[in-house]
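Source file protein.txt; content: compact mmCIF, C-alpha atoms (C1' of nucleotides).
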```
# COMPACT_ATOMS: atom_id res chain seq x y z
CA MET A 1 -12.33 1.08 1.26
CA ALA A 2 -11.09 -2.20 -0.02
CA LEU A 3 -9.85 -4.19 2.93
CA SER A 4 -13.35 -3.67 4.28
CA HIS A 5 -14.70 -5.37 1.18
CA ALA A 6 -12.34 -8.28 1.53
CA ILE A 7 -13.69 -8.72 5.05
CA LEU A 8 -17.31 -8.45 3.97
CA VAL A 9 -16.65 -11.03 1.25
CA SER A 10 -15.17 -13.39 3.83
CA LEU A 11 -18.23 -12.97 6.00
CA LEU A 12 -20.45 -14.10 3.12
CA ASP A 13 -19.36 -17.65 3.89
CA ARG A 14 -20.36 -17.54 7.52
CA PRO A 15 -20.21 -15.30 10.61
CA GLN A 16 -16.70 -15.15 11.99
CA SER A 17 -14.64 -13.58 14.73
CA GLY A 18 -11.71 -11.28 14.00
CA TYR A 19 -9.33 -14.05 14.92
CA GLU A 20 -10.93 -16.52 12.54
CA LEU A 21 -10.99 -13.91 9.78
CA GLY A 22 -7.28 -13.38 10.26
CA LYS A 23 -6.57 -17.09 10.09
CA ARG A 24 -8.63 -17.65 6.96
CA PHE A 25 -7.21 -14.54 5.35
CA ASP A 26 -3.79 -16.06 5.62
CA ARG A 27 -4.90 -19.02 3.58
CA THR A 28 -7.29 -17.48 1.07
CA VAL A 29 -8.00 -13.86 0.10
CA GLY A 30 -4.89 -12.84 1.97
CA PHE A 31 -2.74 -14.05 -0.91
CA PHE A 32 -4.32 -11.28 -2.98
CA TRP A 33 -5.01 -8.73 -0.24
CA LYS A 34 -2.77 -8.76 2.82
CA ALA A 35 -4.05 -7.73 6.23
CA SER A 36 -2.59 -7.92 9.72
CA HIS A 37 -4.72 -8.84 12.69
CA GLN A 38 -4.66 -5.25 13.93
CA GLN A 39 -6.02 -4.03 10.65
CA ILE A 40 -8.79 -6.60 10.72
CA TYR A 41 -9.87 -5.77 14.28
CA GLN A 42 -9.88 -2.05 13.53
CA GLU A 43 -11.75 -2.50 10.30
CA LEU A 44 -14.36 -4.66 12.03
CA HIS A 45 -14.99 -1.91 14.58
CA LYS A 46 -15.39 0.59 11.78
CA LEU A 47 -17.74 -1.69 9.85
CA ALA A 48 -19.79 -2.28 13.00
CA ARG A 49 -20.08 1.47 13.63
CA ALA A 50 -21.18 1.92 10.02
CA GLY A 51 -23.78 -0.82 10.47
CA LEU A 52 -22.42 -3.12 7.78
CA VAL A 53 -21.68 -5.92 10.24
CA ARG A 54 -23.15 -6.86 13.62
CA GLY A 55 -20.89 -8.25 16.33
CA GLU A 56 -22.03 -10.54 19.09
CA THR A 57 -19.88 -11.52 22.06
CA VAL A 58 -19.68 -15.26 22.65
CA GLU A 59 -18.72 -16.10 26.24
CA GLN A 60 -16.11 -18.80 26.52
CA THR A 61 -14.77 -20.34 29.67
CA GLU A 62 -11.66 -22.06 28.38
CA ARG A 63 -10.56 -19.34 25.95
CA PRO A 64 -10.89 -15.56 25.84
CA ASN A 65 -14.32 -14.43 24.72
CA ARG A 66 -14.87 -14.06 21.01
CA ILE A 67 -16.81 -11.42 19.13
CA VAL A 68 -18.50 -13.06 16.18
CA TYR A 69 -19.42 -10.75 13.34
CA GLU A 70 -22.07 -11.30 10.70
CA LEU A 71 -23.18 -9.31 7.68
CA THR A 72 -26.20 -7.05 8.07
CA GLU A 73 -28.65 -6.42 5.28
CA CYS A 74 -26.94 -3.09 4.88
CA GLY A 75 -23.59 -4.86 4.55
CA ARG A 76 -24.94 -7.06 1.78
CA GLU A 77 -26.16 -3.99 -0.04
CA ALA A 78 -22.76 -2.36 0.31
CA LEU A 79 -21.15 -5.47 -1.16
CA ASP A 80 -23.56 -5.47 -4.05
CA ALA A 81 -22.85 -1.80 -4.77
CA TRP A 82 -19.11 -2.47 -4.60
CA SER A 83 -19.36 -5.44 -6.95
CA ARG A 84 -20.90 -3.20 -9.62
CA LYS A 85 -18.24 -0.53 -9.45
CA ALA A 86 -15.18 -0.80 -11.71
CA THR A 87 -12.30 -2.62 -10.02
CA ASP A 88 -9.10 -0.71 -9.37
CA PRO A 89 -6.15 -2.00 -11.39
CA PRO A 90 -3.95 -4.23 -9.23
CA SER A 91 -1.39 -2.40 -7.13
CA VAL A 92 1.98 -4.08 -7.12
CA LYS A 93 5.03 -3.16 -5.07
CA GLU A 94 7.98 -5.11 -6.30
CA GLU A 95 11.00 -4.04 -4.32
CA LEU A 96 13.19 -6.59 -6.08
CA ILE A 97 12.67 -4.91 -9.43
CA VAL A 98 13.50 -1.53 -7.90
CA LYS A 99 16.72 -3.09 -6.72
CA LEU A 100 17.41 -4.41 -10.20
CA PHE A 101 17.11 -0.87 -11.51
CA ALA A 102 20.12 -0.04 -9.39
CA LEU A 103 22.29 -2.80 -10.88
CA GLY A 104 25.70 -1.45 -11.62
CA ASP A 105 25.72 0.54 -8.40
CA VAL A 106 24.77 -2.34 -6.14
CA ASP A 107 26.65 -5.57 -5.74
CA GLN A 108 25.61 -8.09 -8.36
CA GLN A 109 26.24 -11.05 -6.09
CA VAL A 110 23.86 -9.62 -3.50
CA VAL A 111 21.14 -9.31 -6.12
CA ARG A 112 21.69 -12.87 -7.31
CA GLU A 113 21.24 -14.13 -3.77
CA GLU A 114 18.05 -12.12 -3.46
CA ILE A 115 16.70 -13.75 -6.59
CA GLU A 116 17.55 -17.17 -5.24
CA ARG A 117 15.73 -16.42 -2.00
CA ARG A 118 12.79 -15.24 -4.01
CA GLN A 119 12.89 -18.41 -6.03
CA ALA A 120 12.60 -20.48 -2.86
CA PHE A 121 9.71 -18.34 -1.64
CA HIS A 122 7.77 -18.75 -4.87
CA ARG A 123 8.50 -22.47 -5.08
CA ASP A 124 6.98 -22.93 -1.63
CA ARG A 125 3.96 -20.89 -2.48
CA LEU A 126 3.44 -22.73 -5.75
CA ALA A 127 3.64 -26.06 -3.94
CA TYR A 128 1.01 -24.84 -1.48
CA TYR A 129 -1.33 -23.66 -4.24
CA GLU A 130 -0.91 -26.91 -6.11
CA ALA A 131 -1.68 -28.93 -3.02
CA VAL A 132 -4.89 -26.98 -2.47
CA MET A 133 -5.75 -27.43 -6.13
CA ASP A 134 -5.27 -31.20 -6.03
CA GLU A 135 -7.22 -31.54 -2.84
CA HIS A 136 -10.18 -29.28 -3.55
CA TYR A 137 -10.58 -28.71 -7.27
CA PRO A 138 -10.08 -31.94 -9.20
CA GLU A 139 -13.02 -31.23 -11.54
CA PRO A 140 -13.15 -27.49 -12.25
CA ALA A 141 -15.82 -27.85 -14.93
CA GLN A 142 -18.34 -29.07 -12.36
CA LEU A 143 -18.03 -26.27 -9.84
CA LYS A 144 -20.77 -24.03 -8.46
CA PRO A 145 -20.24 -20.26 -8.91
CA ARG A 146 -18.78 -19.65 -5.45
CA GLN A 147 -16.24 -22.41 -5.97
CA GLN A 148 -15.53 -21.24 -9.51
CA GLY A 149 -14.36 -17.91 -8.11
CA ARG A 150 -12.00 -19.57 -5.67
CA TYR A 151 -10.76 -21.90 -8.34
CA LEU A 152 -9.96 -18.95 -10.61
CA GLY A 153 -8.15 -17.17 -7.80
CA LEU A 154 -6.08 -20.26 -7.25
CA ARG A 155 -5.37 -20.58 -10.98
CA MET A 156 -4.17 -16.99 -11.00
CA GLY A 157 -1.93 -17.78 -8.07
CA ILE A 158 -0.48 -20.86 -9.74
CA LEU A 159 0.07 -19.14 -13.08
CA SER A 160 1.80 -16.16 -11.55
CA GLU A 161 4.04 -18.26 -9.32
CA GLN A 162 5.07 -20.32 -12.33
CA THR A 163 5.79 -17.18 -14.29
CA THR A 164 7.82 -15.66 -11.51
CA LEU A 165 9.84 -18.85 -11.21
CA ALA A 166 10.51 -18.85 -14.94
CA TRP A 167 11.62 -15.25 -14.64
CA CYS A 168 13.99 -16.13 -11.81
CA GLU A 169 15.62 -18.75 -14.00
CA GLU A 170 16.06 -16.25 -16.79
CA ALA A 171 17.39 -13.61 -14.46
CA LEU A 172 19.95 -15.93 -12.88
CA ALA A 173 21.04 -17.13 -16.31
CA LEU A 174 21.55 -13.58 -17.53
CA LEU A 175 23.33 -12.47 -14.38
CA GLY A 176 25.62 -15.44 -14.75
CA CYS A 177 24.81 -17.46 -11.69
CA GLU A 178 26.94 -20.57 -12.00
CA GLY A 179 24.87 -22.69 -9.61
CA ALA A 180 21.51 -21.68 -11.11
CA SER A 181 20.42 -25.13 -12.21
CA ALA A 182 21.87 -26.83 -9.14
CA HIS A 183 19.35 -25.25 -6.74
CA MET B 1 10.91 3.42 3.73
CA ALA B 2 10.71 2.03 0.25
CA LEU B 3 9.36 4.75 -2.01
CA SER B 4 12.37 6.68 -0.79
CA HIS B 5 14.59 3.96 -2.18
CA ALA B 6 12.86 3.99 -5.53
CA ILE B 7 13.57 7.73 -5.66
CA LEU B 8 17.20 7.31 -4.66
CA VAL B 9 17.61 4.64 -7.32
CA SER B 10 16.16 6.99 -9.92
CA LEU B 11 18.62 9.67 -8.88
CA LEU B 12 21.52 7.29 -9.54
CA ASP B 13 21.05 7.99 -13.25
CA ARG B 14 21.32 11.75 -12.89
CA PRO B 15 20.14 14.62 -10.73
CA GLN B 16 16.46 15.32 -11.30
CA SER B 17 13.66 17.59 -10.16
CA GLY B 18 10.50 16.26 -8.55
CA TYR B 19 8.60 16.83 -11.76
CA GLU B 20 11.09 14.88 -13.84
CA LEU B 21 11.11 12.06 -11.30
CA GLY B 22 7.35 11.88 -11.52
CA LYS B 23 7.45 11.70 -15.32
CA ARG B 24 10.12 9.04 -15.45
CA PHE B 25 8.44 7.07 -12.69
CA ASP B 26 5.38 6.77 -14.86
CA ARG B 27 7.40 5.07 -17.56
CA THR B 28 9.87 2.96 -15.57
CA VAL B 29 10.01 2.01 -11.90
CA GLY B 30 6.45 3.26 -11.51
CA PHE B 31 5.18 0.04 -13.11
CA PHE B 32 6.57 -1.80 -10.09
CA TRP B 33 6.22 0.91 -7.47
CA LYS B 34 3.47 3.48 -7.93
CA ALA B 35 3.89 7.04 -6.69
CA SER B 36 1.87 10.18 -7.16
CA HIS B 37 3.54 13.55 -7.61
CA GLN B 38 2.53 14.62 -4.09
CA GLN B 39 4.22 11.58 -2.65
CA ILE B 40 7.39 12.29 -4.59
CA TYR B 41 7.60 15.92 -3.53
CA GLN B 42 6.99 15.05 0.11
CA GLU B 43 9.48 12.25 0.04
CA LEU B 44 12.10 14.53 -1.52
CA HIS B 45 11.67 17.04 1.31
CA LYS B 46 12.07 14.25 3.80
CA LEU B 47 15.15 12.88 2.07
CA ALA B 48 16.65 16.36 1.94
CA ARG B 49 16.04 16.87 5.68
CA ALA B 50 17.69 13.53 6.34
CA GLY B 51 20.66 14.57 4.19
CA LEU B 52 20.33 11.76 1.66
CA VAL B 53 19.74 14.17 -1.22
CA ARG B 54 20.68 17.77 -1.81
CA GLY B 55 18.28 20.08 -3.64
CA GLU B 56 19.36 23.07 -5.62
CA THR B 57 16.96 25.64 -7.02
CA VAL B 58 17.45 26.33 -10.69
CA GLU B 59 16.09 29.74 -11.68
CA GLN B 60 14.11 29.62 -14.88
CA THR B 61 12.58 32.55 -16.68
CA GLU B 62 10.28 30.73 -19.07
CA ARG B 63 9.01 28.14 -16.64
CA PRO B 64 8.49 27.95 -12.90
CA ASN B 65 11.76 27.38 -11.06
CA ARG B 66 12.84 23.81 -10.59
CA ILE B 67 14.48 22.21 -7.61
CA VAL B 68 17.00 19.70 -8.86
CA TYR B 69 17.96 16.98 -6.41
CA GLU B 70 21.11 14.92 -6.41
CA LEU B 71 22.33 12.07 -4.25
CA THR B 72 24.70 12.91 -1.43
CA GLU B 73 27.46 10.59 -0.29
CA CYS B 74 25.21 9.75 2.61
CA GLY B 75 22.42 8.90 0.17
CA ARG B 76 24.69 6.52 -1.71
CA GLU B 77 25.58 4.82 1.54
CA ALA B 78 21.90 4.47 2.42
CA LEU B 79 21.28 2.87 -0.96
CA ASP B 80 24.13 0.48 -0.47
CA ALA B 81 22.85 -0.52 2.96
CA TRP B 82 19.36 -1.01 1.55
CA SER B 83 20.66 -3.15 -1.31
CA ARG B 84 22.18 -5.58 1.18
CA LYS B 85 19.05 -6.01 3.23
CA ALA B 86 16.62 -8.80 2.32
CA THR B 87 13.90 -7.59 -0.03
CA ASP B 88 10.31 -7.65 1.20
CA PRO B 89 8.12 -10.13 -0.65
CA PRO B 90 6.05 -8.32 -3.27
CA SER B 91 2.83 -6.81 -1.98
CA VAL B 92 -0.09 -7.37 -4.30
CA LYS B 93 -3.59 -5.98 -3.99
CA GLU B 94 -5.82 -7.69 -6.47
CA GLU B 95 -9.33 -6.39 -5.99
CA LEU B 96 -10.59 -8.45 -8.92
CA ILE B 97 -9.73 -11.72 -7.18
CA VAL B 98 -11.46 -10.51 -4.03
CA LYS B 99 -14.52 -9.92 -6.17
CA LEU B 100 -14.21 -13.42 -7.59
CA PHE B 101 -14.32 -14.80 -4.07
CA ALA B 102 -17.80 -13.34 -3.84
CA LEU B 103 -19.07 -15.11 -6.97
CA GLY B 104 -22.46 -16.59 -6.30
CA ASP B 105 -23.48 -13.51 -4.34
CA VAL B 106 -22.49 -10.98 -6.98
CA ASP B 107 -23.77 -10.83 -10.53
CA GLN B 108 -21.74 -13.09 -12.82
CA GLN B 109 -22.26 -10.86 -15.85
CA VAL B 110 -20.78 -7.91 -13.96
CA VAL B 111 -17.68 -9.93 -13.14
CA ARG B 112 -17.30 -11.07 -16.73
CA GLU B 113 -17.34 -7.48 -17.88
CA GLU B 114 -14.72 -6.62 -15.29
CA ILE B 115 -12.48 -9.35 -16.62
CA GLU B 116 -12.93 -8.05 -20.15
CA ARG B 117 -11.97 -4.54 -19.07
CA ARG B 118 -8.94 -5.97 -17.33
CA GLN B 119 -8.03 -7.86 -20.46
CA ALA B 120 -7.97 -4.60 -22.42
CA PHE B 121 -5.86 -2.94 -19.74
CA HIS B 122 -3.27 -5.71 -19.77
CA ARG B 123 -3.21 -5.89 -23.57
CA ASP B 124 -2.33 -2.20 -23.71
CA ARG B 125 0.36 -2.53 -21.12
CA LEU B 126 1.85 -5.57 -22.82
CA ALA B 127 1.94 -3.69 -26.11
CA TYR B 128 3.74 -0.83 -24.40
CA TYR B 129 6.32 -3.13 -22.79
CA GLU B 130 6.91 -4.92 -26.08
CA ALA B 131 7.43 -1.65 -27.89
CA VAL B 132 10.04 -0.57 -25.33
CA MET B 133 11.68 -3.97 -25.62
CA ASP B 134 11.92 -3.80 -29.40
CA GLU B 135 13.23 -0.27 -29.33
CA HIS B 136 15.79 -0.49 -26.54
CA TYR B 137 16.79 -4.10 -25.92
CA PRO B 138 17.32 -5.93 -29.19
CA GLU B 139 20.46 -7.67 -27.92
CA PRO B 140 20.00 -8.51 -24.23
CA ALA B 141 23.16 -10.61 -24.07
CA GLN B 142 25.35 -7.57 -24.75
CA LEU B 143 24.01 -5.30 -22.03
CA LYS B 144 25.93 -3.51 -19.29
CA PRO B 145 24.79 -4.23 -15.72
CA ARG B 146 22.59 -1.12 -15.39
CA GLN B 147 20.79 -2.01 -18.60
CA GLN B 148 20.55 -5.67 -17.59
CA GLY B 149 18.50 -4.65 -14.57
CA ARG B 150 16.10 -2.64 -16.66
CA TYR B 151 15.86 -5.41 -19.19
CA LEU B 152 14.97 -7.91 -16.48
CA GLY B 153 12.33 -5.58 -15.10
CA LEU B 154 10.82 -5.30 -18.52
CA ARG B 155 10.95 -9.09 -18.99
CA MET B 156 9.09 -9.49 -15.70
CA GLY B 157 6.50 -7.00 -16.92
CA ILE B 158 6.05 -8.80 -20.22
CA LEU B 159 5.84 -12.26 -18.64
CA SER B 160 3.30 -11.21 -16.07
CA GLU B 161 1.12 -9.37 -18.56
CA GLN B 162 1.12 -12.43 -20.80
CA THR B 163 0.21 -14.63 -17.85
CA THR B 164 -2.59 -12.36 -16.76
CA LEU B 165 -3.98 -12.31 -20.30
CA ALA B 166 -3.87 -16.10 -20.43
CA TRP B 167 -5.69 -16.18 -17.12
CA CYS B 168 -8.37 -13.81 -18.44
CA GLU B 169 -9.00 -16.19 -21.34
CA GLU B 170 -9.34 -19.12 -18.98
CA ALA B 171 -11.59 -17.20 -16.65
CA LEU B 172 -13.92 -16.05 -19.42
CA ALA B 173 -14.05 -19.57 -20.82
CA LEU B 174 -14.97 -21.01 -17.45
CA LEU B 175 -17.53 -18.34 -16.70
CA GLY B 176 -19.08 -19.03 -20.08
CA CYS B 177 -18.57 -15.79 -21.86
CA GLU B 178 -20.04 -16.39 -25.31
CA GLY B 179 -18.14 -13.56 -26.98
CA ALA B 180 -14.79 -14.41 -25.39
CA SER B 181 -12.89 -15.06 -28.59
CA ALA B 182 -14.62 -12.24 -30.46
CA HIS B 183 -13.00 -9.53 -28.36
C1' DG C 1 -8.94 37.25 -26.61
C1' DC C 2 -10.06 32.92 -24.17
C1' DT C 3 -9.38 28.34 -22.98
C1' DT C 4 -6.71 24.40 -22.39
C1' DA C 5 -2.56 21.82 -21.64
C1' DA C 6 2.03 21.37 -20.03
C1' DT C 7 5.46 22.78 -16.76
C1' DA C 8 6.62 23.07 -11.78
C1' DT C 9 5.82 22.97 -6.85
C1' DG C 10 3.34 22.78 -2.79
C1' DC C 11 -0.35 22.52 1.51
C1' DC C 12 -3.71 20.11 4.15
C1' DA C 13 -7.06 16.72 5.54
C1' DA C 14 -8.46 12.19 5.59
C1' DC C 15 -7.66 7.66 5.26
C1' DT C 16 -4.90 3.30 5.46
C1' DA C 17 -1.18 0.53 7.20
C1' DT C 18 2.57 -0.84 10.31
C1' DT C 19 4.94 -1.43 14.70
C1' DG C 20 5.29 -2.01 19.29
C1' DC C 21 3.12 -2.90 23.24
C1' DA C 22 -0.53 -4.77 26.58
C1' DT C 23 -3.70 -8.17 28.44
C1' DA C 24 -5.51 -12.74 29.62
C1' DT C 25 -5.98 -17.91 29.48
C1' DG C 26 -4.77 -22.80 28.80
C1' DC C 27 -1.88 -26.42 27.10
C1' DA C 28 2.20 -28.90 26.07
C1' DA C 29 6.97 -29.54 26.03
C1' DA C 30 11.73 -28.81 27.90
C1' DT D 1 8.64 -24.98 36.53
C1' DT D 2 9.50 -22.04 33.23
C1' DT D 3 9.18 -21.31 28.45
C1' DG D 4 6.76 -20.95 24.45
C1' DC D 5 2.76 -21.36 21.61
C1' DA D 6 -2.08 -20.85 20.35
C1' DT D 7 -6.21 -18.45 21.37
C1' DA D 8 -8.41 -13.80 21.52
C1' DT D 9 -8.69 -8.77 21.52
C1' DG D 10 -7.17 -4.30 21.80
C1' DC D 11 -4.54 0.77 22.17
C1' DA D 12 -1.29 4.30 20.72
C1' DA D 13 2.03 6.21 17.82
C1' DT D 14 4.05 6.53 13.67
C1' DA D 15 4.43 5.96 8.79
C1' DG D 16 2.63 5.87 4.26
C1' DT D 17 -0.98 7.04 0.76
C1' DT D 18 -4.69 9.49 -1.57
C1' DG D 19 -7.48 13.34 -3.04
C1' DG D 20 -8.64 17.96 -3.29
C1' DC D 21 -7.06 22.26 -3.76
C1' DA D 22 -3.76 26.30 -4.75
C1' DT D 23 -0.34 28.86 -7.34
C1' DA D 24 2.27 30.63 -11.30
C1' DT D 25 4.06 30.72 -16.13
C1' DT D 26 4.17 29.81 -21.10
C1' DA D 27 2.64 27.97 -25.48
C1' DA D 28 -0.72 26.42 -28.63
C1' DG D 29 -5.22 26.16 -30.45
C1' DC D 30 -10.01 28.06 -31.16
```

As structure tokens, please, write out the structure in this file.
Amino acid sequence: MALSHAILVSLLDRPQSGYELGKRFDRTVGFFWKASHQQIYQELHKLARAGLVRGETVEQTERPNRIVYELTECGREALDAWSRKATDPPSVKEELIVKLFALGDVDQQVVREEIERRQAFHRDRLAYYEAVMDEHYPEPAQLKPRQQGRYLGLRMGILSEQTTLAWCEEALALLGCEGASAH
Amino acid sequence: MALSHAILVSLLDRPQSGYELGKRFDRTVGFFWKASHQQIYQELHKLARAGLVRGETVEQTERPNRIVYELTECGREALDAWSRKATDPPSVKEELIVKLFALGDVDQQVVREEIERRQAFHRDRLAYYEAVMDEHYPEPAQLKPRQQGRYLGLRMGILSEQTTLAWCEEALALLGCEGASAH
DNA sequence: GCTTAATATGCCAACTATTGCATATGCAAA
DNA sequence: TTTGCATATGCAATAGTTGGCATATTAAGC
């Protein structure tokens, strides 16, 4: 029960359809808690059955009908209860590090290329986070609580992307990648 | 199919029983890919059925019998194939950040305490990583490939723990935790 | 003598996640 | 005009994970 909470948290902002939730997930909480659209639809059904959200079908002529979900009182209570329970330590699955543990039996060149790909991935993500930061959070000291939370999430994202990039540099240097600084 | 690879990688070092794998996981790859003992035993059965590992029962008089697994040729090939495939981006599930997204609707004091608990958790882990580093990797430039991989994993661990700790400081400062520096 | 911890493996049920497929519409570009 | 994309939701099957429980032995501490 944790994706469900991510969904309930998203619904705090405003009632949303599964499709909208999926879209916003991709740009916000989703960076810290992935979910596919199938997962979101299924979870919404489950939450509706449990009475934590209420779905209402909105007829549309030009597009398929939407089902817009909103938090129920019961859902708010569930969120409050969840917020008071100790948070699980973050679960990380870093396949690249597993691969590194096999160095010596796997081709070193292949691993170097992996790290370079990873570097590109994290550079993109960092650029995205920084753009959001510049656009939305120029004055972090002045923020209201809700915005403070988002700001801190973004800070965490930026810090960890920077760290990962620094690690990539180190790793390529150690593994003797000639073109490391050229990329 | 990814826990399976972590197990195969572990077996590169030497043949091991499920119990041993579980123990070593907790101190090595497990920091980057969690697995419970049930998962490991089940996965070993599956790998044995698929012919990637071969298990041999070792009779013991003083302890329950062990089943020691070793890589088969087929298992080595599977590892090689896996090592050449692009690595999935890391999957992170950060419940604490999800909770932060709900700031304003959840009690700020509760969140501050969460962050402090997290700070303690990451301090412990950093201390552990640093101890391993001091003990086993005093001269990283001289390492053989296999050890290089482990060293880089450890470096990643240390860097990300340091980053998370720095973030905790920032977060507590922003959320106005009076006793932030006292802890 | 009794309890607890460590060693060593396993079953089963429930839950969570992923993949592939299916449906239906409207719009814009090739 | 066909292709592809965005909107919008869903099912079914498989794969992966978690938690509770069960079993059996030995050694150490109370």

What is the distance, in Å and to one decimal place, between atom CA of B:Ala48 and atom C1' of C:DC12?
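Taking atom CA of B:Ala48 and atom C1' of C:DC12, their separation equals 20.8 Å.
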
What separation in Å, quoted to one decimal, exists between atom CA of B:Asp124 and atom CA of A:Ser91?
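Distance between the two atoms: 16.6 Å.
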
For chain B against chain A, which residues fall within 7 Å using only C-alpha atoms, given as a ChimeraX atom specification?
/B:6,9,29,32-33,80,83-84,86-88,90-104,106,110,114,145-146,149-150,152-153,156,159-160,163,167,171

Any idea which chain A residues end up within 12 Å of chain D if we count all atoms listed in the file, as a ChimeraX atom specification please?
/A:1,17-20,22-23,37-42,44-45,57-60,62-68

Which chain C residues are at most 12 Å from chain A (counting all atoms listed in the file), as a ChimeraX atom specification?
/C:15-20,23-27

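For the atom pair formed by atom C1' of C:DA29 and atom CA of A:Asp26, the distance is 26.7 Å, given to one decimal.
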
Take every atom of stretch 5-15 of chain C listed in the file, pad by 5 Å on each side, and give me the axis-aligned box centre and edge lengths in Å, one decimal, as JSON.
```
{"center_x": -0.9, "center_y": 15.4, "center_z": -8.0, "size_x": 25.1, "size_y": 25.4, "size_z": 37.2}
```

As a short mmCIF file (atom, residue, chain, number, x, y, z; two decimals), in the coordinates of the input, the rebuilt stretch 29-46 of chain B with N, CA and C atoms:
```
data_model
loop_
_atom_site.label_atom_id
_atom_site.label_comp_id
_atom_site.auth_asym_id
_atom_site.auth_seq_id
_atom_site.Cartn_x
_atom_site.Cartn_y
_atom_site.Cartn_z
N VAL B 29 10.23 2.66 -13.19
CA VAL B 29 10.01 2.01 -11.90
C VAL B 29 8.56 2.05 -11.47
N GLY B 30 7.84 3.08 -11.92
CA GLY B 30 6.45 3.26 -11.51
C GLY B 30 5.58 2.06 -11.82
N PHE B 31 5.95 1.24 -12.80
CA PHE B 31 5.18 0.04 -13.11
C PHE B 31 5.31 -0.98 -11.99
N PHE B 32 6.34 -0.85 -11.18
CA PHE B 32 6.57 -1.80 -10.09
C PHE B 32 6.46 -1.14 -8.72
N TRP B 33 6.40 0.21 -8.72
CA TRP B 33 6.22 0.91 -7.47
C TRP B 33 5.55 2.26 -7.74
N LYS B 34 4.25 2.29 -7.62
CA LYS B 34 3.47 3.48 -7.93
C LYS B 34 3.80 4.65 -6.99
N ALA B 35 3.78 5.86 -7.54
CA ALA B 35 3.89 7.04 -6.69
C ALA B 35 3.25 8.23 -7.38
N SER B 36 2.48 8.98 -6.62
CA SER B 36 1.87 10.18 -7.16
C SER B 36 2.86 11.34 -7.02
N HIS B 37 2.59 12.44 -7.68
CA HIS B 37 3.54 13.55 -7.61
C HIS B 37 3.63 14.11 -6.19
N GLN B 38 2.51 14.14 -5.47
CA GLN B 38 2.53 14.62 -4.09
C GLN B 38 3.46 13.79 -3.23
N GLN B 39 3.37 12.48 -3.43
CA GLN B 39 4.22 11.58 -2.65
C GLN B 39 5.69 11.86 -2.94
N ILE B 40 6.00 12.07 -4.20
CA ILE B 40 7.39 12.29 -4.59
C ILE B 40 7.92 13.58 -3.99
N TYR B 41 7.13 14.65 -4.09
CA TYR B 41 7.60 15.92 -3.53
C TYR B 41 7.81 15.82 -2.02
N GLN B 42 6.85 15.19 -1.34
CA GLN B 42 6.99 15.05 0.11
C GLN B 42 8.20 14.23 0.49
N GLU B 43 8.38 13.14 -0.25
CA GLU B 43 9.48 12.25 0.04
C GLU B 43 10.81 12.97 -0.20
N LEU B 44 10.87 13.79 -1.23
CA LEU B 44 12.10 14.53 -1.52
C LEU B 44 12.45 15.49 -0.37
N HIS B 45 11.43 16.16 0.17
CA HIS B 45 11.67 17.04 1.31
C HIS B 45 12.25 16.24 2.48
N LYS B 46 11.63 15.08 2.69
CA LYS B 46 12.07 14.25 3.80
C LYS B 46 13.52 13.78 3.60
#
```
